[in-house]
Amino acid sequence: MSALRVPTPWEAEAADWIAWARTAGHDVFAYYAPSFFTDIVPSPRGLTLEIGCGEGRVLRELTTRHHRAVGIDAAPTLLRAAVGADARPAHAVADAAALPFADATFGTVVAYNSLQTMAVFPDMARAVEEAARVLEPSGHLCVCVAHPMTDLGRMPPQAARAEGSAEWAYFERQRADGTVVKDGLTMTFHGWTYTLEDYARAIESAGMRIERLLEPRPSEEQVAARPGLSKWREMPLFLFVRAVKAEPGI
Ligand SMILES: C[S@@+](CC[C@H](N)C(=O)[O-])C[C@H]1O[C@@H](n2cnc3c(N)ncnc32)[C@H](O)[C@@H]1O
């Protein structure tokens, strides 16, 4: 276990997150994750690390798909829940921005909705740099984050901004903390807004190249079955990115 440089606010939300993530049909995970695993995550190659694994649902899916998975999270309660649900992957309490692994240990690193949830703003880029360090050359970083448009969608109309009633601005560093109440469950999310360029620069600075970028949408059939998803056919909720680590000398 590595010492945590910055405690995560997610530890205080652990019970709510476990209920949110594990209540069948509640979260949108079921609508987006299948495309992430088929269109972004490559076939297993060596070890696969998930940074910010939470209660472990992505790790469980990776294991089902024959990845030799290792999960780390900064929230001890969430990590314990992940181990309790499936002890097959290796687990550790650790900081994604200071990984306790040697260089070139993993063939694939997955960050599913964790990069935008860091306690301090610079840790997104640090975590990407650490992911690149622990990846083998030509290994892949597979990312799902809240789409920067999602935060833009919360922006009030220009007239309201002109009157000084809101302070939202795309290029400013903003905390993205918010409480959502849905179907009897309450969840407080923590993190930061990042621009598209913030993510692209972090990947480039870490010596990786974006290989695929997707803006997934629920299908029309899914919207018909769950009308609440219709908004996410009009604007993106998530951004998927697969980046590849350069071979030495390239
Ligand atoms: C929205 S949850 C996603 C959990 C999981 N990937 C999933 O999709 O179910 C974000 C997770 O990132 C973790 N996290 C935030 N900052 C972290 C850091 N610096 N190091 C490791 N984990 C971190 C939180 O503790 C939380 O479990």
# chains A, B, ... in the order shown; residues from 1 in each chain; ligands from 1

call {"tool": "closest_atom_pairs", "arguments": {"of": "chain A", "to": "ligand 1", "cutoff": "7 Å", "atoms": "only C-alpha atoms and all ligand atoms", "output": "tab-separated table"}}
result
residue	atom	partner	partner_atom_place_in_ligand_line	distance
A:Thr8	CA	ligand 1	16 (N)	5.7
A:Trp10	CA	ligand 1	25 (O)	4.7
A:Glu11	CA	ligand 1	25 (O)	6.3
A:Ala21	CA	ligand 1	9 (O)	6.4
A:Ile51	CA	ligand 1	21 (C)	5.8
A:Gly52	CA	ligand 1	22 (N)	3.6
A:Cys53	CA	ligand 1	6 (N)	4.1
A:Gly54	CA	ligand 1	27 (O)	3.3
A:Glu55	CA	ligand 1	9 (O)	6.2
A:Gly56	CA	ligand 1	9 (O)	6.1
A:Arg57	CA	ligand 1	9 (O)	5.3
A:Val58	CA	ligand 1	7 (C)	5.8
A:Ile72	CA	ligand 1	21 (C)	6.1
A:Asp73	CA	ligand 1	22 (N)	3.8
A:Ala74	CA	ligand 1	21 (C)	4.0
A:Ala75	CA	ligand 1	25 (O)	4.5
A:Leu78	CA	ligand 1	27 (O)	6.2
A:Ala94	CA	ligand 1	21 (C)	5.8
A:Asp95	CA	ligand 1	20 (N)	3.6
A:Ala96	CA	ligand 1	20 (N)	3.8
A:Ala97	CA	ligand 1	19 (N)	5.6
A:Ala111	CA	ligand 1	6 (N)	6.6
A:Tyr112	CA	ligand 1	6 (N)	4.5
A:Asn113	CA	ligand 1	3 (C)	5.0
A:Ser114	CA	ligand 1	12 (O)	4.1
A:Thr117	CA	ligand 1	15 (C)	4.9
A:Met118	CA	ligand 1	16 (N)	3.9
A:Ala119	CA	ligand 1	16 (N)	5.9
A:Asp123	CA	ligand 1	19 (N)	6.6

call {"tool": "write_last_selection", "arguments": {"atoms": "N, CA, C and O atoms", "output": "compact mmCIF listing (two decimals), in the first residue's frame"}}
result
# COMPACT_ATOMS: atom_id res chain seq x y z
N THR A 8 -8.81 11.22 -0.83
CA THR A 8 -9.87 11.47 -1.81
C THR A 8 -11.20 11.75 -1.10
O THR A 8 -11.55 11.05 -0.14
N TRP A 10 -13.84 10.91 -2.18
CA TRP A 10 -14.71 9.76 -2.50
C TRP A 10 -14.82 8.78 -1.33
O TRP A 10 -15.78 8.00 -1.28
N GLU A 11 -13.87 8.79 -0.40
CA GLU A 11 -13.98 7.89 0.76
C GLU A 11 -15.27 8.19 1.53
O GLU A 11 -15.98 7.28 1.94
N ALA A 21 -23.75 2.42 -7.81
CA ALA A 21 -23.15 1.59 -8.86
C ALA A 21 -23.76 0.18 -8.91
O ALA A 21 -23.77 -0.44 -9.97
N ILE A 51 -7.03 2.24 -12.83
CA ILE A 51 -6.77 3.28 -11.82
C ILE A 51 -8.10 3.92 -11.43
O ILE A 51 -8.88 4.33 -12.28
N GLY A 52 -8.38 3.92 -10.11
CA GLY A 52 -9.66 4.44 -9.64
C GLY A 52 -10.76 3.42 -9.87
O GLY A 52 -11.78 3.71 -10.48
N CYS A 53 -10.56 2.21 -9.34
CA CYS A 53 -11.48 1.10 -9.65
C CYS A 53 -12.77 1.16 -8.85
O CYS A 53 -13.72 0.43 -9.14
N GLY A 54 -12.82 2.01 -7.81
CA GLY A 54 -14.05 2.11 -7.02
C GLY A 54 -14.45 0.78 -6.43
O GLY A 54 -13.61 0.03 -5.91
N GLU A 55 -15.77 0.46 -6.51
CA GLU A 55 -16.25 -0.80 -5.92
C GLU A 55 -15.99 -1.99 -6.84
O GLU A 55 -16.37 -3.10 -6.52
N GLY A 56 -15.40 -1.78 -8.01
CA GLY A 56 -14.85 -2.90 -8.77
C GLY A 56 -15.62 -3.37 -10.00
O GLY A 56 -15.25 -4.38 -10.60
N ARG A 57 -16.66 -2.64 -10.45
CA ARG A 57 -17.45 -3.19 -11.56
C ARG A 57 -16.67 -3.28 -12.86
O ARG A 57 -16.88 -4.21 -13.65
N VAL A 58 -15.75 -2.34 -13.11
CA VAL A 58 -14.94 -2.41 -14.34
C VAL A 58 -13.95 -3.56 -14.23
O VAL A 58 -13.73 -4.32 -15.19
N ILE A 72 -6.51 -0.35 -8.47
CA ILE A 72 -6.10 0.51 -7.36
C ILE A 72 -7.15 1.60 -7.18
O ILE A 72 -7.80 2.03 -8.14
N ASP A 73 -7.31 2.03 -5.93
CA ASP A 73 -8.20 3.15 -5.64
C ASP A 73 -7.69 3.85 -4.39
O ASP A 73 -7.07 3.23 -3.52
N ALA A 74 -7.97 5.14 -4.31
CA ALA A 74 -7.52 5.93 -3.16
C ALA A 74 -8.48 5.82 -1.98
O ALA A 74 -8.14 6.25 -0.88
N ALA A 75 -9.66 5.25 -2.20
CA ALA A 75 -10.66 5.16 -1.12
C ALA A 75 -10.67 3.74 -0.55
O ALA A 75 -11.14 2.81 -1.21
N LEU A 78 -13.99 1.70 -0.65
CA LEU A 78 -14.37 1.22 -1.98
C LEU A 78 -13.51 0.02 -2.38
O LEU A 78 -14.00 -0.95 -2.97
N ALA A 94 -4.08 2.87 -3.40
CA ALA A 94 -2.94 3.62 -3.95
C ALA A 94 -3.45 4.86 -4.66
O ALA A 94 -4.64 4.98 -4.97
N ASP A 95 -2.52 5.76 -4.91
CA ASP A 95 -2.82 7.03 -5.57
C ASP A 95 -2.46 6.91 -7.05
O ASP A 95 -1.31 6.60 -7.38
N ALA A 96 -3.42 7.18 -7.91
CA ALA A 96 -3.16 7.09 -9.36
C ALA A 96 -2.07 8.06 -9.79
O ALA A 96 -1.43 7.85 -10.82
N ALA A 97 -1.85 9.11 -9.01
CA ALA A 97 -0.84 10.11 -9.38
C ALA A 97 0.54 9.76 -8.82
O ALA A 97 1.50 10.53 -9.01
N ALA A 111 -8.71 3.79 -17.24
CA ALA A 111 -9.18 4.83 -16.30
C ALA A 111 -10.63 5.11 -16.66
O ALA A 111 -10.90 5.85 -17.62
N TYR A 112 -11.56 4.48 -15.95
CA TYR A 112 -12.98 4.63 -16.28
C TYR A 112 -13.62 5.58 -15.27
O TYR A 112 -13.84 5.25 -14.12
N ASN A 113 -13.87 6.77 -15.73
CA ASN A 113 -14.49 7.81 -14.90
C ASN A 113 -13.71 8.08 -13.60
O ASN A 113 -14.32 8.26 -12.54
N SER A 114 -12.41 8.07 -13.71
CA SER A 114 -11.60 8.40 -12.53
C SER A 114 -10.74 9.65 -12.77
O SER A 114 -10.49 10.40 -11.83
N THR A 117 -12.03 12.83 -11.44
CA THR A 117 -12.49 12.81 -10.05
C THR A 117 -11.36 13.04 -9.04
O THR A 117 -11.53 12.79 -7.85
N MET A 118 -10.21 13.50 -9.52
CA MET A 118 -9.06 13.67 -8.63
C MET A 118 -9.33 14.78 -7.60
O MET A 118 -10.05 15.73 -7.89
N ALA A 119 -8.68 14.67 -6.44
CA ALA A 119 -8.89 15.66 -5.38
C ALA A 119 -8.31 17.02 -5.74
O ALA A 119 -8.85 18.06 -5.36
N ASP A 123 -3.63 16.55 -10.62
CA ASP A 123 -3.47 15.09 -10.54
C ASP A 123 -4.01 14.36 -11.76
O ASP A 123 -3.62 13.21 -12.01

call {"tool": "select_by_dssp", "arguments": {"residues": "stretch 3-174 of chain A", "states": "helix (DSSP H, G or I)", "output": "MDAnalysis selection string"}}
result
chainID A and resid 9:22 29:39 57:64 76:85 115:117 123:134 148:152 158:162

call {"tool": "closest_residue", "arguments": {"among": "A:Ala87, A:Ala30, A:Cys142, A:Leu79", "to": "A:Ser43", "atoms": "only C-alpha atoms"}}
result
A:Cys142

call {"tool": "residues_around", "arguments": {"residues": "A:Pro34", "least_positions_apart": "6", "cutoff": "12 Å", "atoms": "only C-alpha atoms", "output": "list in words"}}
result
Val28, Ile40, Val41, Val58, Glu61, Leu62, Arg65, Pro216, Arg217 and Pro218 of chain A

call {"tool": "write_last_selection", "arguments": {"atoms": "N, CA, C and O atoms", "output": "compact mmCIF listing (two decimals), in the first residue's frame"}}
result
# COMPACT_ATOMS: atom_id res chain seq x y z
N VAL A 28 -25.99 4.77 -15.60
CA VAL A 28 -25.94 4.62 -17.06
C VAL A 28 -24.83 3.67 -17.51
O VAL A 28 -24.65 3.45 -18.70
N ILE A 40 -12.82 0.30 -27.28
CA ILE A 40 -11.65 1.01 -26.74
C ILE A 40 -10.62 0.05 -26.13
O ILE A 40 -9.43 0.15 -26.41
N VAL A 41 -11.08 -0.87 -25.29
CA VAL A 41 -10.12 -1.75 -24.59
C VAL A 41 -9.61 -2.82 -25.55
O VAL A 41 -10.40 -3.55 -26.15
N VAL A 58 -15.75 -2.34 -13.11
CA VAL A 58 -14.94 -2.41 -14.34
C VAL A 58 -13.95 -3.56 -14.23
O VAL A 58 -13.73 -4.32 -15.19
N GLU A 61 -15.65 -6.80 -14.97
CA GLU A 61 -15.88 -6.96 -16.42
C GLU A 61 -14.57 -7.32 -17.13
O GLU A 61 -14.55 -8.17 -18.03
N LEU A 62 -13.48 -6.66 -16.72
CA LEU A 62 -12.18 -6.98 -17.34
C LEU A 62 -11.83 -8.45 -17.08
O LEU A 62 -11.34 -9.16 -17.98
N ARG A 65 -13.61 -10.74 -19.19
CA ARG A 65 -13.06 -10.68 -20.56
C ARG A 65 -11.61 -11.16 -20.61
O ARG A 65 -10.85 -10.80 -21.51
N PRO A 216 -19.62 8.32 -27.32
CA PRO A 216 -20.67 7.30 -27.39
C PRO A 216 -22.05 7.89 -27.07
O PRO A 216 -22.16 8.84 -26.30
N ARG A 217 -23.07 7.29 -27.70
CA ARG A 217 -24.45 7.70 -27.44
C ARG A 217 -25.30 6.47 -27.21
O ARG A 217 -25.07 5.43 -27.84
N PRO A 218 -26.30 6.58 -26.35
CA PRO A 218 -27.24 5.45 -26.25
C PRO A 218 -27.97 5.28 -27.58
O PRO A 218 -28.16 6.25 -28.31

call {"tool": "closest_residue", "arguments": {"among": "A:Ile203, A:Met149, A:Val180, A:Val244", "to": "A:Trp17", "atoms": "only C-alpha atoms"}}
result
A:Val180

call {"tool": "closest_residue", "arguments": {"among": "A:Leu214, A:Leu185, A:Leu141, A:Ala224", "to": "A:Phe238", "atoms": "only C-alpha atoms"}}
result
A:Leu214

call {"tool": "closest_residue", "arguments": {"among": "A:Leu237, A:Met187, A:Ala85, A:Val93", "to": "A:Val145", "atoms": "only C-alpha atoms"}}
result
A:Leu237

call {"tool": "closest_residue", "arguments": {"among": "A:Ala146, A:Thr179, A:His140, A:Gly228", "to": "A:Ile210", "atoms": "only C-alpha atoms"}}
result
A:His140

call {"tool": "select_by_dssp", "arguments": {"residues": "stretch 2-182 of chain A", "states": "strand (DSSP E)", "output": "ChimeraX atom specification"}}
result
/A:47-51,68-73,90-93,106-112,135-146,178-182

call {"tool": "atom_distance", "arguments": {"atom1": "atom CA of A:Arg5", "atom2": "atom CA of A:Gly107"}}
result
25.9 Å

call {"tool": "residues_around", "arguments": {"residues": "A:Pro44", "least_positions_apart": "6", "cutoff": "12 Å", "atoms": "only C-alpha atoms", "output": "PDB file with N, CA, C and O atoms, in the first residue's frame"}}
result
ATOM      1  N   PHE A  37     -15.757  -1.457 -23.675  1.00  0.00           N
ATOM      2  CA  PHE A  37     -14.974  -2.701 -23.665  1.00  0.00           C
ATOM      3  C   PHE A  37     -14.744  -3.252 -25.071  1.00  0.00           C
ATOM      4  O   PHE A  37     -13.712  -3.873 -25.327  1.00  0.00           O
ATOM      5  N   THR A  38     -15.671  -3.021 -25.981  1.00  0.00           N
ATOM      6  CA  THR A  38     -15.462  -3.568 -27.335  1.00  0.00           C
ATOM      7  C   THR A  38     -14.710  -2.601 -28.245  1.00  0.00           C
ATOM      8  O   THR A  38     -13.907  -3.028 -29.069  1.00  0.00           O
ATOM      9  N   LEU A  62     -13.480  -6.663 -16.724  1.00  0.00           N
ATOM     10  CA  LEU A  62     -12.177  -6.984 -17.335  1.00  0.00           C
ATOM     11  C   LEU A  62     -11.832  -8.451 -17.082  1.00  0.00           C
ATOM     12  O   LEU A  62     -11.345  -9.159 -17.979  1.00  0.00           O
ATOM     13  N   THR A  63     -12.073  -8.916 -15.858  1.00  0.00           N
ATOM     14  CA  THR A  63     -11.764 -10.303 -15.504  1.00  0.00           C
ATOM     15  C   THR A  63     -12.611 -11.258 -16.336  1.00  0.00           C
ATOM     16  O   THR A  63     -12.109 -12.265 -16.863  1.00  0.00           O
ATOM     17  N   THR A  64     -13.901 -10.922 -16.496  1.00  0.00           N
ATOM     18  CA  THR A  64     -14.782 -11.747 -17.338  1.00  0.00           C
ATOM     19  C   THR A  64     -14.248 -11.825 -18.756  1.00  0.00           C
ATOM     20  O   THR A  64     -14.379 -12.844 -19.448  1.00  0.00           O
ATOM     21  N   ARG A  65     -13.605 -10.738 -19.194  1.00  0.00           N
ATOM     22  CA  ARG A  65     -13.062 -10.681 -20.559  1.00  0.00           C
ATOM     23  C   ARG A  65     -11.605 -11.164 -20.611  1.00  0.00           C
ATOM     24  O   ARG A  65     -10.854 -10.799 -21.511  1.00  0.00           O
ATOM     25  N   HIS A  66     -11.211 -11.935 -19.595  1.00  0.00           N
ATOM     26  CA  HIS A  66      -9.920 -12.639 -19.576  1.00  0.00           C
ATOM     27  C   HIS A  66      -8.701 -11.733 -19.390  1.00  0.00           C
ATOM     28  O   HIS A  66      -7.581 -12.117 -19.733  1.00  0.00           O
ATOM     29  N   HIS A  67      -8.913 -10.530 -18.850  1.00  0.00           N
ATOM     30  CA  HIS A  67      -7.772  -9.693 -18.493  1.00  0.00           C
ATOM     31  C   HIS A  67      -7.255 -10.147 -17.126  1.00  0.00           C
ATOM     32  O   HIS A  67      -8.046 -10.481 -16.237  1.00  0.00           O
ATOM     33  N   ARG A  68      -5.931 -10.159 -16.959  1.00  0.00           N
ATOM     34  CA  ARG A  68      -5.339 -10.375 -15.622  1.00  0.00           C
ATOM     35  C   ARG A  68      -5.298  -8.996 -14.981  1.00  0.00           C
ATOM     36  O   ARG A  68      -4.380  -8.210 -15.199  1.00  0.00           O
ATOM     37  N   ALA A  69      -6.352  -8.710 -14.188  1.00  0.00           N
ATOM     38  CA  ALA A  69      -6.609  -7.333 -13.780  1.00  0.00           C
ATOM     39  C   ALA A  69      -6.047  -7.018 -12.393  1.00  0.00           C
ATOM     40  O   ALA A  69      -6.020  -7.857 -11.492  1.00  0.00           O
ATOM     41  N   PHE A 106       2.612  -2.973 -17.121  1.00  0.00           N
ATOM     42  CA  PHE A 106       1.276  -3.322 -17.626  1.00  0.00           C
ATOM     43  C   PHE A 106       1.194  -3.193 -19.146  1.00  0.00           C
ATOM     44  O   PHE A 106       1.808  -2.310 -19.752  1.00  0.00           O
ATOM     45  N   GLY A 107       0.382  -4.078 -19.744  1.00  0.00           N
ATOM     46  CA  GLY A 107       0.120  -3.970 -21.174  1.00  0.00           C
ATOM     47  C   GLY A 107      -0.973  -2.952 -21.451  1.00  0.00           C
ATOM     48  O   GLY A 107      -1.014  -2.337 -22.518  1.00  0.00           O
ATOM     49  N   THR A 108      -1.896  -2.804 -20.490  1.00  0.00           N
ATOM     50  CA  THR A 108      -3.034  -1.900 -20.654  1.00  0.00           C
ATOM     51  C   THR A 108      -3.319  -1.212 -19.316  1.00  0.00           C
ATOM     52  O   THR A 108      -3.226  -1.857 -18.269  1.00  0.00           O
ATOM     53  N   VAL A 109      -3.634   0.070 -19.376  1.00  0.00           N
ATOM     54  CA  VAL A 109      -4.127   0.791 -18.196  1.00  0.00           C
ATOM     55  C   VAL A 109      -5.504   1.356 -18.552  1.00  0.00           C
ATOM     56  O   VAL A 109      -5.687   1.944 -19.623  1.00  0.00           O
ATOM     57  N   VAL A 110      -6.469   1.132 -17.656  1.00  0.00           N
ATOM     58  CA  VAL A 110      -7.843   1.619 -17.852  1.00  0.00           C
ATOM     59  C   VAL A 110      -8.138   2.685 -16.800  1.00  0.00           C
ATOM     60  O   VAL A 110      -7.824   2.494 -15.615  1.00  0.00           O
ATOM     61  N   GLY A 139       1.944  -0.187 -25.269  1.00  0.00           N
ATOM     62  CA  GLY A 139       0.775  -0.485 -24.444  1.00  0.00           C
ATOM     63  C   GLY A 139      -0.253   0.634 -24.559  1.00  0.00           C
ATOM     64  O   GLY A 139       0.046   1.729 -25.036  1.00  0.00           O
ATOM     65  N   HIS A 140      -1.480   0.352 -24.088  1.00  0.00           N
ATOM     66  CA  HIS A 140      -2.583   1.297 -24.286  1.00  0.00           C
ATOM     67  C   HIS A 140      -3.145   1.857 -22.977  1.00  0.00           C
ATOM     68  O   HIS A 140      -3.306   1.117 -22.002  1.00  0.00           O
TER      69      HIS A 140
END

call {"tool": "closest_residue", "arguments": {"among": "A:Ala90, A:Ala243, A:Leu135, A:Leu47", "to": "A:Arg60", "atoms": "only C-alpha atoms"}}
result
A:Ala90

call {"tool": "residues_around", "arguments": {"residues": "stretch 247-249 of chain A", "least_positions_apart": "6", "cutoff": "10 Å", "atoms": "only C-alpha atoms", "output": "list in words"}}
result
Glu136, Pro137, Ser138, Gly139, Gly207 and Met208 of chain A

call {"tool": "residues_around", "arguments": {"residues": "A:Trp20", "least_positions_apart": "2", "cutoff": "12 Å", "atoms": "only C-alpha atoms", "output": "ChimeraX atom specification"}}
result
/A:13-18,22-29,54-55,57,180-189

call {"tool": "residues_around", "arguments": {"residues": "A:Thr193", "least_positions_apart": "4", "cutoff": "7 Å", "atoms": "only C-alpha atoms", "output": "compact mmCIF listing (two decimals) with N, CA and C atoms, in the first residue's frame"}}
result
# COMPACT_ATOMS: atom_id res chain seq x y z
N GLN A 116 -11.32 12.50 -14.02
CA GLN A 116 -11.96 13.79 -13.70
C GLN A 116 -12.37 13.87 -12.23
N PRO A 148 -16.20 16.99 -21.71
CA PRO A 148 -16.15 18.43 -21.38
C PRO A 148 -17.43 19.17 -21.78
N ASP A 151 -20.15 19.53 -18.98
CA ASP A 151 -20.04 20.68 -18.10
C ASP A 151 -20.50 21.95 -18.81
N ARG A 173 -10.56 26.64 -14.46
CA ARG A 173 -10.53 25.43 -13.65
C ARG A 173 -11.66 25.51 -12.64
N GLN A 174 -12.57 24.59 -12.73
CA GLN A 174 -13.74 24.63 -11.85
C GLN A 174 -13.88 23.29 -11.13
N ARG A 175 -14.30 23.32 -9.90
CA ARG A 175 -14.66 22.09 -9.22
C ARG A 175 -15.97 21.60 -9.82
N ALA A 176 -16.08 20.31 -9.97
CA ALA A 176 -17.33 19.72 -10.48
C ALA A 176 -17.91 18.85 -9.38

call {"tool": "atom_distance", "arguments": {"atom1": "atom CA of A:Ala19", "atom2": "atom CA of A:Leu59"}}
result
17.2 Å
